[in-house]
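Have a look at query.pdb; it's PDB, C-alpha atoms and all ligand atoms:
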ATOM      1  CA  MET A 831      -5.635 -27.284  46.986
ATOM      2  CA  SER A 832      -7.841 -26.787  43.988
ATOM      3  CA  PHE A 833      -7.130 -28.109  40.545
ATOM      4  CA  VAL A 834      -5.781 -25.451  38.233
ATOM      5  CA  PRO A 835      -6.046 -26.273  34.542
ATOM      6  CA  ILE A 836      -3.049 -25.421  32.420
ATOM      7  CA  ILE A 837      -4.133 -23.522  29.373
ATOM      8  CA  PHE A 838      -2.131 -24.278  26.262
ATOM      9  CA  GLY A 839      -2.369 -22.084  23.279
ATOM     10  CA  LYS A 840      -0.553 -20.933  20.234
ATOM     11  CA  LYS A 841       0.834 -17.505  19.594
ATOM     12  CA  ASP A 842       2.212 -16.281  16.310
ATOM     13  CA  TRP A 843       3.652 -13.124  14.894
ATOM     14  CA  ASP A 844       4.187 -11.873  11.383
ATOM     15  CA  ASN A 845       6.773  -9.139  11.193
ATOM     16  CA  GLU A 846       6.731  -7.381   7.906
ATOM     17  CA  TYR A 847       9.957  -7.184   5.952
ATOM     18  CA  ASP A 848      10.817  -3.873   4.437
ATOM     19  CA  LEU A 849      12.913  -4.765   1.430
ATOM     20  CA  GLY A 850      11.777  -2.072  -0.949
ATOM     21  CA  PRO A 851       9.060  -1.861  -3.623
ATOM     22  CA  LYS A 852      10.598  -4.690  -5.675
ATOM     23  CA  TYR A 853       9.477  -7.228  -3.092
ATOM     24  CA  LYS A 854       5.980  -5.993  -2.524
ATOM     25  CA  ASN A 855       2.627  -6.788  -4.102
ATOM     26  CA  PHE A 856       3.505 -10.178  -5.535
ATOM     27  CA  TYR A 857       0.868 -12.175  -7.339
ATOM     28  CA  CYS A 858      -1.120 -14.545  -5.149
ATOM     29  CA  PRO A 859      -1.720 -17.916  -6.892
ATOM     30  CA  ASN A 860      -4.672 -18.596  -4.612
ATOM     31  CA  CYS A 861      -6.872 -15.469  -4.730
ATOM     32  CA  HIS A 862      -5.228 -13.790  -7.783
ATOM     33  CA  ASN A 863      -4.628 -10.471  -6.073
ATOM     34  CA  TYR A 864      -1.345  -8.564  -6.108
ATOM     35  CA  CYS A 865      -0.808  -8.234  -2.406
ATOM     36  CA  VAL A 866       1.586 -11.022  -1.337
ATOM     37  CA  LYS A 867       4.397  -9.719   0.838
ATOM     38  CA  PRO A 868       7.391 -11.214   2.628
ATOM     39  CA  VAL A 869       7.099 -11.640   6.404
ATOM     40  CA  LYS A 870       9.198 -13.048   9.214
ATOM     41  CA  ARG A 871       7.042 -15.577  11.006
ATOM     42  CA  ARG A 872       7.375 -16.885  14.563
ATOM     43  CA  GLU A 873       5.078 -19.404  16.196
ATOM     44  CA  PHE A 874       5.128 -20.417  19.841
ATOM     45  CA  ILE A 875       3.236 -22.813  22.072
ATOM     46  CA  SER A 876       2.046 -20.722  24.965
ATOM     47  CA  ILE A 877       1.072 -21.690  28.500
ATOM     48  CA  TRP A 878      -1.112 -19.224  30.323
ATOM     49  CA  PHE A 879      -0.784 -16.949  27.288
ATOM     50  CA  ILE A 880       2.981 -16.758  27.799
ATOM     51  CA  PRO A 881       4.967 -17.980  24.776
ATOM     52  CA  ILE A 882       7.205 -20.846  25.927
ATOM     53  CA  PHE A 883       8.119 -23.321  23.185
ATOM     54  CA  PRO A 884       9.175 -22.116  19.761
ATOM     55  CA  MET A 885       7.507 -24.146  17.004
ATOM     56  CA  TYR A 886       8.483 -22.317  13.894
ATOM     57  CA  PHE A 887      10.921 -19.594  12.914
ATOM     58  CA  GLY A 888      11.014 -18.700   9.298
ATOM     59  CA  LYS A 889      10.477 -16.450   6.396
ATOM     60  CA  GLN A 890       7.297 -16.643   4.417
ATOM     61  CA  LEU A 891       5.505 -15.007   1.587
ATOM     62  CA  MET A 892       2.064 -14.169   2.887
ATOM     63  CA  CYS A 893      -1.160 -12.991   1.313
ATOM     64  CA  PRO A 894      -3.196 -10.874   3.766
ATOM     65  CA  ILE A 895      -6.415 -11.395   1.792
ATOM     66  CA  CYS A 896      -6.686 -15.207   1.664
ATOM     67  CA  ASN A 897      -3.902 -16.093   4.148
ATOM     68  CA  TRP A 898      -1.963 -18.095   1.540
ATOM     69  CA  ARG A 899       1.611 -18.733   2.680
ATOM     70  CA  GLN A 900       4.791 -20.108   1.232
ATOM     71  CA  ASP A 901       8.130 -20.521   2.942
ATOM     72  CA  PHE A 902      11.272 -19.083   1.454
ATOM     73  CA  LYS A 903      14.818 -19.577   2.653
ATOM     74  CA  ASP A 904      16.944 -16.641   1.663
ATOM     75  CA  GLN A 905      17.364 -13.548  -0.439
ATOM     76  CA  SER A 906      18.264 -15.435  -3.634
ATOM     77  CA  GLN A 907      15.039 -17.406  -3.437
ATOM     78  CA  LEU A 908      13.147 -14.158  -2.965
ATOM     79  CA  ASP A 909      14.932 -12.675  -5.965
ATOM     80  CA  LYS A 910      13.803 -15.676  -8.006
ATOM     81  CA  VAL A 911      10.197 -15.044  -6.979
ATOM     82  CA  ALA A 912      10.618 -11.355  -7.842
ATOM     83  CA  ALA A 913      11.927 -12.319 -11.292
ATOM     84  CA  GLU A 914       8.929 -14.600 -11.832
ATOM     85  CA  GLN A 915       6.649 -11.697 -10.909
ATOM     86  CA  VAL A 916       8.109  -9.625 -13.736
ATOM     87  CA  ILE A 917       7.223 -12.433 -16.185
ATOM     88  CA  ILE A 918       3.683 -12.714 -14.754
ATOM     89  CA  ASN A 919       3.223  -8.942 -15.025
ATOM     90  CA  LYS A 920       4.367  -8.944 -18.665
ATOM     91  CA  GLN A 921       1.965 -11.747 -19.571
ATOM     92  CA  GLN A 922      -0.950  -9.833 -18.129
ATOM     93  CA  GLN A 923      -0.300  -6.647 -20.059
TER      94      GLN A 923
HETATM   95 ZN    ZN A1001      -4.332 -14.488  -1.725
END
Take the structure from the file and write it as structure tokens.
Ligand SMILES: [Zn+2]
Amino acid sequence: MSFVPIIFGKKDWDNEYDLGPKYKNFYCPNCHNYCVKPVKRREFISIWFIPIFPMYFGKQLMCPICNWRQDFKDQSQLDKVAAEQVIINKQQQ
């Protein structure tokens, strides 16, 4: 019998939320672009490229340009972020 190495890896998915235009194109504090969007994130430890152990289930705000991320818990927290965006947008005009 030959030795078969077990290959561990990590697999993750970002599923985009579609919550309407109010929750799109948030300001990114890292790269200063308006492209942060809410995503549902899932991370698994995989063996032989098959996802086995869940590591993380959650909702995040994600910037596709610089990969900045921040967790958020629920809709009210997202609404708070959306309200802050309105203030940021007003300051920049
Ligand atoms: Zn960014």
Practice task
Name every residue that the PyMOL selection byres (((not hetatm)) within 9 of (chain A and resi 1001)) selects in this structure, writing the answer as a list in words with chains first and numbers rising.
Solution key: Tyr857, Cys858, Pro859, Asn860, Cys861, His862, Asn863, Tyr864, Cys865, Val866, Met892, Cys893, Pro894, Ile895, Cys896, Asn897, Trp898 and Arg899 of chain A
Problem - Which residue of A:Ala912, A:Val834, A:Ile877, A:Val869 approaches Glu846 of chain A most closely, using only C-alpha atoms - result: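 Using only C-alpha atoms, Glu846 of chain A sits closest to A:Val869.
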Completion exercise
Gln890 of chain A proximity check over A:Pro851, A:Ala913, A:Lys920, A:Trp843, using all atoms listed in the file: winner is A:Trp843
Exercise for the section: Taking the file above as input, evaluate the PyMOL selection byres (((chain A and resi 880) around 10) and not hetatm) and report the hits as a PyMOL selection string. Expected result: chain A and resi 837-841+874-879+881-883
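Going from atom CA of Glu914 of chain A to atom CA of Lys852 of chain A covers 11.8 Å.
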Exercise for the section: To one decimal in Å, tell me the separation between atom CA of Pro868 of chain A and atom CA of Val916 of chain A. Expected result: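 Straight-line distance from atom CA of Pro868 of chain A to atom CA of Val916 of chain A works out to 16.5 Å.
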